[in-house]
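Reading through the structure tokens given below for one structure.
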Amino acid sequence: MAVQKEIWENYIAKNLFKDDSFLDKAKSKDDFVLQGKVLHIPQSGGAPNIVKNRSSLPATINKRVDTDISATLDIYTSDPVLIENADKIELSYDKMDSVFFDHVNAISNTIGDNALINWAPSSASRILRINSTGTSNQASYLSGQTGTRKPFIADDLKNAFIQMKKDNLPDGEMYALMSFDMYNQLMASLSSSTYRDYMRSIDETKGLVSKLFGFNILVRGSGLIYDNSATPVVKAYGSAGAATDNDAVLCWHKDFVYRAKGDVKFFSQNDRPDYYGDVYSALVRFLAGKNYSTEKGILALVQQA
């Protein structure tokens, strides 16, 4: 029996971001992907000038000049895996979970890590240092990190909310993604009444998601990591941990970040005589980024010693 590539490709696409649902909290640009490989985004030339009680006519006519942003989607591929008796496995559709779970999970996690890095702000005006006082310092917990850090408390998130409102962002659809360690620090800082109200907003059917200061709280095994430069710089994917690394919370509004998914491919080579079985691998094209070069609508809350 021939392996049905369409079934496996649909399986990969369906389960790709099951455990990284934060990627749904961004504008989808899938419709702007050409041939599954290149992203073309039309960029507005800007809003028109507004005059109150115009006294002279005719008004000056200005032509809006729109631009087009083009970017090639990143390619994520899994290492090939050997599967024996693939036809029998495929006949039992439920076994696809055990066969391709590791592939889908690994690709999804890697895409999620890189998406956060691509969304992470770099300008000093979009980075707030965690500056809590009157509470015990937090012991190191990141790989390679040493010393202590100021804990992440509710006031830090409130400061981010104030900055977001100063940006005149649309109401709703604001998110704050953090590691479980940062989440525990935040919970420890809440008063008993605030904690009680906070817990009432958790919807267990959607995972650990709740609201505080206008932000939908999202928790992930790992979040962003910044170095300790004067203006902190987000660590590149796969970078080794350093003593001065800092955990960070990423805050964003859904309208100001994007994601784009292109090709999802399943590859197979049957009856490999040197492996006495069939070899399979997967490929996903994906890109995430900021909608505006000003990084409006995005903030990072970064630890400090």
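Identifiers in the structure tokens: chain A, B, ... in order shown; residue index from 1 per chain; ligand index from 1 in order shown.
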
Problem set entry | DSSP-assigned alpha helix (DSSP H) among range 63-273 of chain A, expressed as an NGL selection string | :A and (86-91 or 96-119 or 154-166 or 180-189 or 192-200)

Exercise. If you run DSSP on the backbone, which residues of range 94-259 of chain A are strand (DSSP E or B), as a PyMOL selection string?
Worked result: chain A and resi 127-129+138-139+148-149+174-179+210-212+215-220+224-226+234+246-253+257-259

Selected residues written out with N, CA and C atoms, as an mmCIF file, in the first residue's frame:
```cif
data_model
loop_
_atom_site.group_PDB
_atom_site.id
_atom_site.type_symbol
_atom_site.label_atom_id
_atom_site.label_comp_id
_atom_site.auth_asym_id
_atom_site.auth_seq_id
_atom_site.Cartn_x
_atom_site.Cartn_y
_atom_site.Cartn_z
ATOM 1 N N ILE A 127 11.661 48.659 25.502
ATOM 2 C CA ILE A 127 12.144 47.708 26.495
ATOM 3 C C ILE A 127 12.060 48.350 27.874
ATOM 4 N N LEU A 128 11.361 47.697 28.797
ATOM 5 C CA LEU A 128 11.240 48.158 30.174
ATOM 6 C C LEU A 128 11.975 47.175 31.076
ATOM 7 N N ARG A 129 12.817 47.678 31.953
ATOM 8 C CA ARG A 129 13.503 46.800 32.899
ATOM 9 C C ARG A 129 12.614 46.577 34.121
ATOM 10 N N GLN A 138 15.138 37.295 43.183
ATOM 11 C CA GLN A 138 14.854 35.988 42.616
ATOM 12 C C GLN A 138 16.164 35.274 42.292
ATOM 13 N N ALA A 139 16.322 34.056 42.784
ATOM 14 C CA ALA A 139 17.529 33.288 42.487
ATOM 15 C C ALA A 139 17.575 32.916 41.009
ATOM 16 N N THR A 148 21.419 37.052 41.279
ATOM 17 C CA THR A 148 19.985 37.185 41.542
ATOM 18 C C THR A 148 19.389 38.264 40.657
ATOM 19 N N ARG A 149 18.065 38.230 40.509
ATOM 20 C CA ARG A 149 17.351 39.208 39.697
ATOM 21 C C ARG A 149 16.167 39.753 40.485
ATOM 22 N N MET A 174 -4.685 42.360 23.695
ATOM 23 C CA MET A 174 -3.325 42.535 24.191
ATOM 24 C C MET A 174 -2.908 41.269 24.939
ATOM 25 N N TYR A 175 -1.661 40.847 24.720
ATOM 26 C CA TYR A 175 -1.180 39.594 25.290
ATOM 27 C C TYR A 175 0.176 39.798 25.971
ATOM 28 N N ALA A 176 0.402 39.012 27.016
ATOM 29 C CA ALA A 176 1.688 38.996 27.699
ATOM 30 C C ALA A 176 2.101 37.544 27.864
ATOM 31 N N LEU A 177 3.203 37.167 27.224
ATOM 32 C CA LEU A 177 3.681 35.786 27.276
ATOM 33 C C LEU A 177 4.916 35.721 28.157
ATOM 34 N N MET A 178 4.915 34.751 29.069
ATOM 35 C CA MET A 178 6.017 34.630 30.020
ATOM 36 C C MET A 178 6.327 33.165 30.303
ATOM 37 N N SER A 179 7.511 32.928 30.874
ATOM 38 C CA SER A 179 7.875 31.585 31.310
ATOM 39 C C SER A 179 7.107 31.251 32.579
ATOM 40 N N SER A 210 -5.514 33.981 31.384
ATOM 41 C CA SER A 210 -6.317 34.827 32.247
ATOM 42 C C SER A 210 -5.976 36.275 31.936
ATOM 43 N N LYS A 211 -6.632 37.214 32.625
ATOM 44 C CA LYS A 211 -6.443 38.625 32.301
ATOM 45 C C LYS A 211 -5.963 39.387 33.525
ATOM 46 N N LEU A 212 -5.058 40.324 33.278
ATOM 47 C CA LEU A 212 -4.576 41.213 34.316
ATOM 48 C C LEU A 212 -4.102 42.500 33.644
ATOM 49 N N PHE A 215 -4.154 42.681 29.886
ATOM 50 C CA PHE A 215 -3.393 41.691 29.129
ATOM 51 C C PHE A 215 -3.982 40.290 29.332
ATOM 52 N N ASN A 216 -4.091 39.548 28.239
ATOM 53 C CA ASN A 216 -4.351 38.120 28.327
ATOM 54 C C ASN A 216 -3.024 37.443 28.645
ATOM 55 N N ILE A 217 -2.969 36.741 29.764
ATOM 56 C CA ILE A 217 -1.722 36.135 30.217
ATOM 57 C C ILE A 217 -1.531 34.772 29.558
ATOM 58 N N LEU A 218 -0.394 34.586 28.913
ATOM 59 C CA LEU A 218 -0.038 33.320 28.273
ATOM 60 C C LEU A 218 1.250 32.807 28.910
ATOM 61 N N VAL A 219 1.296 31.510 29.178
ATOM 62 C CA VAL A 219 2.456 30.914 29.832
ATOM 63 C C VAL A 219 3.033 29.813 28.952
ATOM 64 N N ARG A 220 4.354 29.774 28.869
ATOM 65 C CA ARG A 220 5.064 28.824 28.020
ATOM 66 C C ARG A 220 6.262 28.282 28.788
ATOM 67 N N LEU A 224 11.300 34.676 26.150
ATOM 68 C CA LEU A 224 12.429 35.376 25.556
ATOM 69 C C LEU A 224 13.562 35.499 26.562
ATOM 70 N N ILE A 225 14.775 35.529 26.055
ATOM 71 C CA ILE A 225 15.952 35.773 26.887
ATOM 72 C C ILE A 225 16.751 36.925 26.258
ATOM 73 N N TYR A 226 17.069 37.917 27.076
ATOM 74 C CA TYR A 226 17.873 39.064 26.640
ATOM 75 C C TYR A 226 19.219 39.040 27.349
ATOM 76 N N VAL A 234 18.020 40.796 22.442
ATOM 77 C CA VAL A 234 17.445 39.456 22.541
ATOM 78 C C VAL A 234 18.458 38.428 22.064
ATOM 79 N N ASN A 246 19.037 37.435 31.007
ATOM 80 C CA ASN A 246 17.832 37.854 31.714
ATOM 81 C C ASN A 246 16.582 37.280 31.058
ATOM 82 N N ASP A 247 15.701 36.737 31.873
ATOM 83 C CA ASP A 247 14.390 36.294 31.394
ATOM 84 C C ASP A 247 13.567 37.530 31.034
ATOM 85 N N ALA A 248 12.573 37.368 30.178
ATOM 86 C CA ALA A 248 11.781 38.516 29.745
ATOM 87 C C ALA A 248 10.344 38.115 29.458
ATOM 88 N N VAL A 249 9.455 39.077 29.612
ATOM 89 C CA VAL A 249 8.041 38.925 29.261
ATOM 90 C C VAL A 249 7.801 39.717 27.981
ATOM 91 N N LEU A 250 7.167 39.088 27.008
ATOM 92 C CA LEU A 250 6.845 39.774 25.755
ATOM 93 C C LEU A 250 5.386 40.198 25.775
ATOM 94 N N CYS A 251 5.144 41.487 25.574
ATOM 95 C CA CYS A 251 3.790 42.040 25.511
ATOM 96 C C CYS A 251 3.534 42.551 24.093
ATOM 97 N N TRP A 252 2.352 42.265 23.578
ATOM 98 C CA TRP A 252 2.037 42.740 22.226
ATOM 99 C C TRP A 252 0.531 42.877 22.033
ATOM 100 N N HIS A 253 0.176 43.653 21.026
ATOM 101 C CA HIS A 253 -1.208 43.743 20.563
ATOM 102 C C HIS A 253 -1.308 42.944 19.272
ATOM 103 N N VAL A 257 1.668 42.440 15.223
ATOM 104 C CA VAL A 257 2.595 41.366 14.861
ATOM 105 C C VAL A 257 1.885 40.454 13.856
ATOM 106 N N TYR A 258 2.667 39.736 13.051
ATOM 107 C CA TYR A 258 2.066 38.852 12.061
ATOM 108 C C TYR A 258 2.741 37.495 12.059
ATOM 109 N N ARG A 259 2.039 36.538 11.470
ATOM 110 C CA ARG A 259 2.580 35.204 11.216
ATOM 111 C C ARG A 259 2.129 34.792 9.816
#
```

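The space between CA of Ser21 in chain A and CA of Lys150 in chain A spans 28.9 Å.
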
For this session: Would you mind reading off the distance between CA of Val38 in chain A and CA of Ala260 in chain A, one decimal, in Å?
Result: 9.5 Å

Exercise. Of the residues A:Arg64, A:Lys5, A:Lys166, A:Lys296, which is the one nearest to Lys254 in chain A, using only C-alpha atoms?
Worked result: A:Lys296

For this session: Using only C-alpha atoms, find the one residue out of A:Pro58, A:Gly214, A:Gly297, A:Gly112 that sits nearest to Tyr237 in chain A.
Result: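 Ranking A:Pro58, A:Gly214, A:Gly297, A:Gly112 by distance to Tyr237 in chain A, first place goes to A:Gly112.
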
Problem set entry | Nearest to Val81 in chain A by atom-to-atom distance, counting only C-alpha atoms, from A:Gln304, A:Ser108, A:Ser281, A:Ser123 |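 Under the stated criterion, the closest residue is A:Ser281.
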
Problem set entry | Selected residue, from A:Glu84, A:Val51, A:Leu39, A:Asn105, that lies nearest to Ile69 in chain A when counting only C-alpha atoms |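 Of the candidates, the smallest distance to Ile69 in chain A is held by A:Leu39.
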
Problem set entry | Near-Pro273 in chain A list (12 Å; only C-alpha atoms; drop same-chain fewer than 4 positions) as a list in words | Leu82, Glu84, Gln269, Gly277, Asp278 and Val279 of chain A

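For the set A:Phe256, A:Phe267, A:Tyr280, A:Trp119, the residue with the smallest atom-to-atom gap to Val99 in chain A is A:Tyr280, counting only C-alpha atoms.
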
Problem set entry | Selection: 12 Å around Ala240 in chain A, only C-alpha atoms, excl. self and same-chain fewer than 4 positions, as a ChimeraX atom specification | /A:142-145,225-227,235-236,244-245

Exercise. For Ile12 in chain A, which of A:Ala71, A:Val264, A:Leu157, A:Ala243 is the closest residue, counting only C-alpha atoms?
Worked result: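 Among the listed residues, the smallest separation from Ile12 in chain A belongs to A:Val264.
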
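Between CA of Lys14 in chain A and CA of Gly36 in chain A the separation is 16.7 Å.
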